[in-house]
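Everything below belongs to query.cif, which stores mmCIF, C-alpha atoms.
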data_start
loop_
_atom_site.label_atom_id
_atom_site.label_comp_id
_atom_site.auth_asym_id
_atom_site.auth_seq_id
_atom_site.Cartn_x
_atom_site.Cartn_y
_atom_site.Cartn_z
CA MET A 6 -16.12 6.54 6.11
CA LYS A 7 -19.26 4.53 5.77
CA THR A 8 -20.76 5.62 9.08
CA THR A 9 -20.36 9.32 8.42
CA GLY A 10 -21.93 8.97 5.01
CA PHE A 11 -24.88 7.13 6.45
CA VAL A 12 -25.51 9.76 9.11
CA LYS A 13 -25.27 12.54 6.57
CA GLU A 14 -27.88 10.96 4.36
CA GLN A 15 -30.53 10.38 6.99
CA PRO A 16 -32.31 13.62 7.94
CA TRP A 17 -33.44 12.16 11.24
CA LEU A 18 -29.94 11.13 12.22
CA ARG A 19 -28.55 14.48 11.13
CA GLY A 20 -31.11 16.14 13.34
CA VAL A 21 -30.13 13.99 16.29
CA SER A 22 -26.43 14.64 15.81
CA ARG A 23 -27.06 18.38 15.54
CA ALA A 24 -28.88 18.25 18.83
CA LEU A 25 -25.95 16.67 20.66
CA PRO A 26 -24.42 19.94 21.87
CA ILE A 27 -27.82 20.89 23.27
CA VAL A 28 -28.09 17.45 24.85
CA MET A 29 -24.74 17.99 26.53
CA GLY A 30 -26.08 21.15 28.08
CA TYR A 31 -29.58 19.95 28.83
CA ILE A 32 -28.70 16.82 30.77
CA PRO A 33 -26.79 18.66 33.51
CA ILE A 34 -29.04 21.72 33.60
CA GLY A 35 -32.10 19.48 33.46
CA PHE A 36 -30.58 17.53 36.30
CA ALA A 37 -30.03 20.71 38.28
CA TYR A 38 -33.60 21.76 37.53
CA GLY A 39 -34.90 18.36 38.70
CA VAL A 40 -32.96 18.61 41.94
CA LEU A 41 -34.15 22.17 42.61
CA ALA A 42 -37.75 21.28 41.80
CA GLN A 43 -37.65 18.39 44.24
CA LYS A 44 -36.15 20.56 46.94
CA ALA A 45 -38.83 23.18 46.27
CA GLY A 46 -41.43 20.58 47.03
CA LEU A 47 -42.62 19.70 43.56
CA SER A 48 -43.51 16.06 43.08
CA VAL A 49 -41.75 13.97 40.46
CA TRP A 50 -44.87 14.15 38.30
CA GLN A 51 -45.12 17.92 38.58
CA THR A 52 -41.45 18.34 37.81
CA LEU A 53 -41.61 16.17 34.73
CA ALA A 54 -44.92 17.64 33.61
CA MET A 55 -43.29 21.05 33.45
CA SER A 56 -40.47 19.66 31.38
CA VAL A 57 -42.85 17.95 29.02
CA PHE A 58 -45.63 20.52 28.71
CA VAL A 59 -43.94 23.82 29.38
CA TYR A 60 -40.51 22.92 28.04
CA ALA A 61 -38.78 26.19 28.57
CA GLY A 62 -35.29 24.82 29.05
CA SER A 63 -33.19 27.04 31.22
CA SER A 64 -36.23 29.27 31.90
CA GLN A 65 -37.74 26.46 33.96
CA PHE A 66 -34.66 26.55 36.08
CA ILE A 67 -35.28 30.22 36.84
CA ALA A 68 -38.97 29.66 37.54
CA VAL A 69 -38.23 26.95 40.07
CA GLY A 70 -35.67 29.19 41.71
CA LEU A 71 -38.37 31.83 42.15
CA PHE A 72 -40.76 29.23 43.51
CA SER A 73 -38.16 28.22 46.06
CA ALA A 74 -37.81 31.83 47.10
CA GLY A 75 -41.49 31.81 47.99
CA ILE A 76 -42.68 34.11 45.24
CA SER A 77 -46.41 33.74 44.62
CA PRO A 78 -47.49 31.52 41.70
CA LEU A 79 -49.17 34.45 39.97
CA SER A 80 -45.99 36.49 40.05
CA ILE A 81 -44.05 33.53 38.75
CA ILE A 82 -46.44 33.07 35.85
CA ILE A 83 -46.26 36.75 34.96
CA THR A 84 -42.47 36.77 35.25
CA THR A 85 -42.19 33.64 33.14
CA PHE A 86 -44.43 35.18 30.53
CA ILE A 87 -42.39 38.36 30.34
CA VAL A 88 -39.09 36.53 30.33
CA ASN A 89 -40.34 34.25 27.57
CA LEU A 90 -41.57 37.11 25.41
CA ARG A 91 -38.16 36.93 23.82
CA HIS A 92 -39.40 33.67 22.31
CA MET A 93 -41.87 35.76 20.36
CA LEU A 94 -38.98 37.59 18.78
CA MET A 95 -37.16 34.35 18.14
CA SER A 96 -40.23 32.80 16.59
CA ALA A 97 -40.68 35.84 14.38
CA ALA A 98 -37.01 35.74 13.40
CA LEU A 99 -37.30 32.14 12.27
CA SER A 100 -40.60 32.54 10.44
CA PRO A 101 -39.12 33.51 7.05
CA ASN A 102 -37.53 30.06 6.98
CA LEU A 103 -40.80 28.31 7.66
CA LYS A 104 -42.80 29.50 4.68
CA GLY A 105 -45.32 27.03 3.45
CA TRP A 106 -45.43 24.95 6.59
CA SER A 107 -48.87 23.84 7.69
CA LYS A 108 -50.36 25.35 10.84
CA ALA A 109 -49.99 22.01 12.60
CA GLU A 110 -46.30 21.75 11.69
CA LEU A 111 -45.73 25.32 12.80
CA ALA A 112 -47.46 24.63 16.10
CA VAL A 113 -45.28 21.61 16.77
CA PHE A 114 -42.15 23.51 15.81
CA ALA A 115 -43.07 26.48 17.99
CA TYR A 116 -43.81 24.19 20.91
CA GLU A 117 -40.22 22.97 20.80
CA LEU A 118 -38.71 26.42 20.57
CA THR A 119 -36.25 27.22 23.30
CA ASP A 120 -33.29 29.57 23.52
CA GLU A 121 -30.97 26.75 22.67
CA SER A 122 -32.95 25.25 19.80
CA PHE A 123 -33.40 28.74 18.41
CA GLY A 124 -29.65 29.19 18.27
CA VAL A 125 -29.07 25.90 16.50
CA HIS A 126 -31.93 26.39 14.05
CA THR A 127 -30.73 29.88 13.14
CA MET A 128 -27.40 28.31 12.34
CA SER A 129 -28.93 25.45 10.30
CA PHE A 130 -31.10 27.75 8.24
CA LYS A 131 -28.16 29.99 7.54
CA ALA A 132 -26.06 27.07 6.36
CA GLY A 133 -28.69 25.66 4.08
CA ASN A 134 -32.15 24.27 3.90
CA PRO A 135 -32.54 21.47 6.39
CA ALA A 136 -35.26 18.89 5.81
CA LYS A 137 -38.28 19.01 8.08
CA GLY A 138 -37.42 15.55 9.40
CA GLU A 139 -34.05 16.84 10.49
CA ILE A 140 -35.59 19.84 12.22
CA PHE A 141 -38.13 17.78 14.11
CA ALA A 142 -35.55 15.13 15.03
CA LEU A 143 -33.36 17.84 16.50
CA ASN A 144 -36.20 19.24 18.59
CA ILE A 145 -37.35 15.87 19.85
CA THR A 146 -33.82 14.87 20.81
CA ALA A 147 -33.35 18.13 22.67
CA GLN A 148 -36.57 17.80 24.62
CA THR A 149 -35.90 14.14 25.39
CA ALA A 150 -32.54 15.10 26.82
CA TRP A 151 -34.19 17.81 28.88
CA VAL A 152 -36.87 15.52 30.27
CA LEU A 153 -34.29 12.81 30.93
CA GLY A 154 -32.07 15.25 32.76
CA SER A 155 -35.04 16.47 34.80
CA TRP A 156 -35.98 12.92 35.67
CA LEU A 157 -32.43 12.05 36.69
CA GLY A 158 -32.33 15.18 38.81
CA CYS A 159 -35.53 14.63 40.69
CA THR A 160 -35.01 10.94 41.25
CA MET A 161 -31.32 11.02 42.02
CA GLY A 162 -31.21 14.44 43.59
CA GLY A 163 -30.44 12.90 46.94
CA LEU A 164 -27.24 11.46 45.62
CA ILE A 165 -26.31 14.76 44.07
CA SER A 166 -22.72 15.09 43.22
CA ASP A 167 -21.58 18.54 42.26
CA VAL A 168 -21.63 19.13 38.54
CA ARG A 169 -19.02 21.80 39.02
CA PRO A 170 -15.87 19.66 38.97
CA TYR A 171 -16.77 18.63 35.47
CA GLY A 172 -17.43 22.13 34.28
CA LEU A 173 -20.90 20.98 33.31
CA ASP A 174 -22.47 24.13 34.65
CA TYR A 175 -20.67 25.98 31.90
CA ALA A 176 -22.04 23.82 29.09
CA LEU A 177 -24.95 26.07 28.19
CA ALA A 178 -22.95 29.28 28.39
CA ALA A 179 -20.27 27.76 26.17
CA MET A 180 -22.95 26.68 23.74
CA PHE A 181 -24.36 30.19 23.62
CA ILE A 182 -20.92 31.60 22.95
CA ALA A 183 -20.54 29.24 20.02
CA LEU A 184 -24.04 30.01 18.73
CA LEU A 185 -23.38 33.72 18.94
CA VAL A 186 -20.10 33.46 17.05
CA LEU A 187 -21.72 31.33 14.38
CA ALA A 188 -24.71 33.67 14.09
CA ILE A 189 -22.52 36.62 13.21
CA SER A 190 -21.44 37.11 9.64
CA ASP A 191 -20.83 40.81 9.23
CA ARG A 192 -19.54 43.84 11.08
CA ILE A 193 -22.93 45.34 11.79
CA GLN A 194 -23.98 42.11 13.48
CA VAL A 195 -20.88 42.27 15.67
CA ALA A 196 -21.82 45.81 16.66
CA VAL A 197 -25.41 44.74 17.31
CA ALA A 198 -24.25 41.86 19.50
CA VAL A 199 -21.89 44.01 21.51
CA THR A 200 -24.48 46.75 21.93
CA ALA A 201 -27.24 44.36 22.91
CA GLY A 202 -24.96 42.50 25.29
CA VAL A 203 -23.82 45.64 27.05
CA LEU A 204 -27.33 47.11 27.20
CA SER A 205 -28.65 43.87 28.61
CA LEU A 206 -26.03 43.93 31.34
CA VAL A 207 -26.70 47.58 32.13
CA PHE A 208 -30.45 47.08 32.28
CA LEU A 209 -30.03 44.06 34.51
CA LEU A 210 -27.81 45.96 36.91
CA ALA A 211 -30.28 48.83 36.85
CA GLY A 212 -32.89 46.45 38.21
CA LEU A 213 -34.86 45.54 35.07
CA ASP A 214 -34.30 41.90 35.71
CA GLN A 215 -37.30 40.72 33.74
CA TRP A 216 -37.06 43.03 30.78
CA HIS A 217 -33.36 43.37 30.20
CA VAL A 218 -33.09 40.77 27.46
CA ILE A 219 -36.10 41.96 25.48
CA LEU A 220 -35.25 45.65 25.72
CA ALA A 221 -31.63 45.06 24.79
CA THR A 222 -32.65 42.87 21.86
CA VAL A 223 -35.17 45.33 20.48
CA ILE A 224 -32.81 48.28 20.81
CA GLY A 225 -29.87 46.34 19.44
CA ALA A 226 -31.76 45.04 16.41
CA THR A 227 -33.16 48.50 15.71
CA ILE A 228 -29.71 50.05 15.81
CA GLY A 229 -28.58 47.34 13.41
CA VAL A 230 -31.28 48.18 10.88
CA VAL A 231 -30.63 51.90 11.20
CA VAL A 232 -26.91 51.47 10.59
CA GLU A 233 -27.58 49.17 7.68
CA GLU A 234 -29.97 51.63 6.05
CA CYS A 235 -27.66 54.55 6.64
CA SER A 236 -24.69 52.78 5.12
CA LYS A 237 -26.77 51.97 2.06
CA THR A 238 -27.73 55.53 1.30
CA ARG A 239 -24.17 56.73 1.50
CA MET B 8 -48.89 25.72 29.38
CA LEU B 9 -50.38 28.41 27.22
CA VAL B 10 -48.32 31.14 28.79
CA THR B 11 -45.19 29.71 27.23
CA PHE B 12 -46.72 28.29 24.08
CA LEU B 13 -48.65 31.31 22.83
CA PRO B 14 -45.68 33.68 22.47
CA ARG B 15 -43.89 30.98 20.53
CA VAL B 16 -46.62 29.96 18.14
CA ALA B 17 -48.36 33.26 17.44
CA PRO B 18 -45.57 34.84 15.38
CA VAL B 19 -44.94 31.84 13.15
CA TRP B 20 -48.64 31.28 12.58
CA PHE B 21 -49.07 34.87 11.65
CA LEU B 22 -45.87 35.52 9.77
CA ALA B 23 -44.88 32.34 7.97
CA SER B 24 -47.58 32.70 5.35
CA ARG B 25 -46.91 36.35 4.69
CA SER B 26 -44.17 38.26 2.97
CA LEU B 27 -42.63 40.72 5.29
CA PRO B 28 -41.72 44.27 4.37
CA PRO B 29 -37.96 44.42 3.74
CA LEU B 30 -37.26 46.63 6.75
CA VAL B 31 -39.02 44.21 9.07
CA ALA B 32 -37.16 41.28 7.53
CA SER B 33 -33.87 43.11 8.04
CA TRP B 34 -34.78 43.89 11.60
CA LEU B 35 -35.55 40.25 12.26
CA ARG B 36 -32.18 39.23 10.90
CA TYR B 37 -30.52 41.21 13.64
CA VAL B 38 -32.55 39.54 16.35
CA PRO B 39 -30.40 36.39 16.66
CA PRO B 40 -27.08 38.14 17.35
CA ALA B 41 -28.86 40.65 19.60
CA VAL B 42 -30.84 38.17 21.67
CA LEU B 43 -28.00 35.67 22.01
CA ALA B 44 -25.64 38.39 23.16
CA ALA B 45 -28.27 39.90 25.46
CA MET B 46 -28.66 36.57 27.20
CA LEU B 47 -24.99 35.69 27.18
CA LEU B 48 -23.16 38.75 28.41
CA PRO B 49 -24.85 39.15 31.80
CA SER B 50 -24.43 35.45 32.51
CA ILE B 51 -20.69 35.55 32.02
CA VAL B 52 -19.84 39.04 33.24
CA ALA B 53 -22.20 39.02 36.19
CA PRO B 54 -23.02 35.38 36.95
CA GLU B 55 -24.01 36.18 40.52
CA GLY B 56 -25.83 39.37 39.69
CA VAL B 57 -22.94 41.76 40.21
CA VAL B 58 -20.24 42.57 37.71
CA ASP B 59 -17.24 40.37 38.41
CA LEU B 60 -14.21 41.07 36.29
CA HIS B 61 -11.85 39.26 38.59
CA TRP B 62 -9.87 36.34 37.22
CA ARG B 63 -11.79 34.21 39.66
CA ASN B 64 -14.84 34.59 37.44
CA LEU B 65 -14.22 31.43 35.48
CA TYR B 66 -17.23 32.00 33.28
CA LEU B 67 -15.64 35.14 31.97
CA MET B 68 -12.10 33.82 31.76
CA ALA B 69 -13.11 30.67 29.92
CA ALA B 70 -15.27 32.71 27.54
CA VAL B 71 -12.33 34.16 25.64
CA PRO B 72 -10.69 30.88 24.62
CA THR B 73 -14.13 29.38 23.98
CA LEU B 74 -14.93 32.29 21.70
CA LEU B 75 -11.65 31.89 19.85
CA VAL B 76 -12.18 28.18 19.37
CA ALA B 77 -15.71 28.79 18.12
CA TRP B 78 -14.47 31.46 15.75
CA LYS B 79 -11.56 29.53 14.32
CA THR B 80 -13.03 26.04 14.16
CA ARG B 81 -16.69 27.02 13.58
CA SER B 82 -17.43 23.95 15.65
CA MET B 83 -19.97 24.05 18.43
CA PHE B 84 -18.79 20.82 19.95
CA GLY B 85 -15.23 22.04 20.04
CA ALA B 86 -16.23 25.26 21.70
CA VAL B 87 -18.42 23.60 24.33
CA LEU B 88 -15.75 21.03 25.19
CA THR B 89 -13.10 23.74 25.39
CA GLY B 90 -15.22 25.84 27.71
CA MET B 91 -16.15 22.97 29.97
CA ALA B 92 -12.62 21.60 30.07
CA LEU B 93 -11.15 24.98 30.95
CA VAL B 94 -13.63 25.51 33.75
CA ALA B 95 -13.12 21.99 35.11
CA LEU B 96 -9.33 22.27 34.90
CA SER B 97 -9.26 25.69 36.53
CA ARG B 98 -11.29 24.42 39.42
CA LEU B 99 -9.08 21.40 39.77
CA VAL B 100 -5.83 23.32 39.62
CA TRP B 101 -6.77 26.45 41.52
CA GLY B 102 -9.53 25.07 43.68
CA ILE B 103 -11.99 27.82 42.81
#
Represent the structure from my file as structure tokens, please.
Amino acid sequence: MKTTGFVKEQPWLRGVSRALPIVMGYIPIGFAYGVLAQKAGLSVWQTLAMSVFVYAGSSQFIAVGLFSAGISPLSIIITTFIVNLRHMLMSAALSPNLKGWSKAELAVFAYELTDESFGVHTMSFKAGNPAKGEIFALNITAQTAWVLGSWLGCTMGGLISDVRPYGLDYALAAMFIALLVLAISDRIQVAVAVTAGVLSLVFLLAGLDQWHVILATVIGATIGVVVEECSKTR
Amino acid sequence: MLVTFLPRVAPVWFLASRSLPPLVASWLRYVPPAVLAAMLLPSIVAPEGVVDLHWRNLYLMAAVPTLLVAWKTRSMFGAVLTGMALVALSRLVWGI
């Protein structure tokens, strides 16, 4: 089909089409974030500024929730920092694929790194070597969707209709399930995922609500390497 | 905001121009499955902060078919649509 061929040949369009699942998640969650931000007293400008300059996807959602609960700004900043430390790990995990990029390109790429874009990029790099144009197009599309969703949320929040009947609140979780499945290609990775998932849950229930993801990730990845090394020497 | 940007940019700035020791590279390869699972599992098993294994926990119930669809079709779109449709349908039919 002519259209499919055309899309496949244009890196920018490929990038946009790859971002569509993220867009599907970001519009409703962005919307929900926009509504919450408004209700928490943030102005439209402040709400959008966070989406443009901070761009932490679903993490913004959590931050606003904390703000609504009356937590002090300093605590929120510290919490956000700790919660987003996982992005350091994600950034490190992607770095082997970014060899030779200029510092400016790396900065732009890192700026657009979110949980969701990390998942999709991991997948793209695994499947092949995407062009830079494709990568940047993906990121821009994702952030545009996020900002758009935020804007819709804070301007139309008054008319809020529940996203729940459409199952839209599940979009991001479903996306993460897919990303996880696609990120796993051997048995050790399955074990790592299960271990990390369970640990994360346990840590969360034990009260480590800011550190559970990082701790679980570090422990899980370490176990993975240990198992891999041990099975080699056998 | 620097607080969010610095953790993201520091590793790539530092690491992308270097060759990593094999063990570190291996460790990094396990980060994606680990971090995705670490974020995912609590949100579907304990969406409200407490473990909820009841069938009423749609996030958990819909996760199994979503996972199967993702596994068999390797399609993200398919998986997301499946998950959303199941949740929407369940709410419609059972009024959860």
Which residues would end up in the selection if the PyMOL selection byres ((chain B) within 7 of (chain A)) were applied here, given that I need the answer as JSON, numbers by chain?
{"B": [8, 10, 11, 12, 14, 15, 16, 18, 19, 20, 22, 23, 24, 33, 34, 35, 36, 37, 38, 39, 40, 41, 42, 43, 44, 45, 46, 47, 48, 49, 73, 74, 77, 78, 81, 83, 84, 86, 87, 90, 91, 92, 94, 95, 98]}
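Comparing the minimum interatomic distances between A:Gly154 and each of A:Pro33, A:Gly212, A:Pro135, A:Gly20, counting all atoms listed in the file, we find that A:Pro33 sits nearest.
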Please write the residues picked by the PyMOL selection byres ((chain B and resi 59-62) around 12) on this file as a VMD selection string.
(chain A and resid 206) or (chain B and resid 48 to 58 63 to 70 94 97 101 103)
Separation of atom CA of A:Gln51 from atom CA of A:Tyr38, in Å and rounded to one decimal
12.2 Å
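Taking atom CA of B:Gly102 and atom CA of B:Leu88 as the two end points, the separation is 19.9 Å.
Computed from the coordinates, the atom CA of B:Lys79 to atom CA of A:His126 distance equals 20.6 Å.
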Name the residues that the PyMOL selection byres ((chain A and resi 22) around 10) picks from the file above, as number ranges by chain, using the file's chain letters and numbers.
A: 12-13, 16-21, 23-28, 139, 142-143, 146
Do you know which residues are at most 8 Å from stretch 42-47 of chain A counting only C-alpha atoms, after dropping those on the same chain fewer than 3 positions away, and could you put them as a ChimeraX atom specification?
/A:38-39,50-52,69,72-73,159,162
Those same residues, written as an mmCIF file, in the coordinates of the input with C-alpha atoms?
data_model
loop_
_atom_site.group_PDB
_atom_site.id
_atom_site.type_symbol
_atom_site.label_atom_id
_atom_site.label_comp_id
_atom_site.auth_asym_id
_atom_site.auth_seq_id
_atom_site.Cartn_x
_atom_site.Cartn_y
_atom_site.Cartn_z
ATOM 1 C CA TYR A 38 -33.600 21.760 37.530
ATOM 2 C CA GLY A 39 -34.900 18.360 38.700
ATOM 3 C CA TRP A 50 -44.870 14.150 38.300
ATOM 4 C CA GLN A 51 -45.120 17.920 38.580
ATOM 5 C CA THR A 52 -41.450 18.340 37.810
ATOM 6 C CA VAL A 69 -38.230 26.950 40.070
ATOM 7 C CA PHE A 72 -40.760 29.230 43.510
ATOM 8 C CA SER A 73 -38.160 28.220 46.060
ATOM 9 C CA CYS A 159 -35.530 14.630 40.690
ATOM 10 C CA GLY A 162 -31.210 14.440 43.590
#
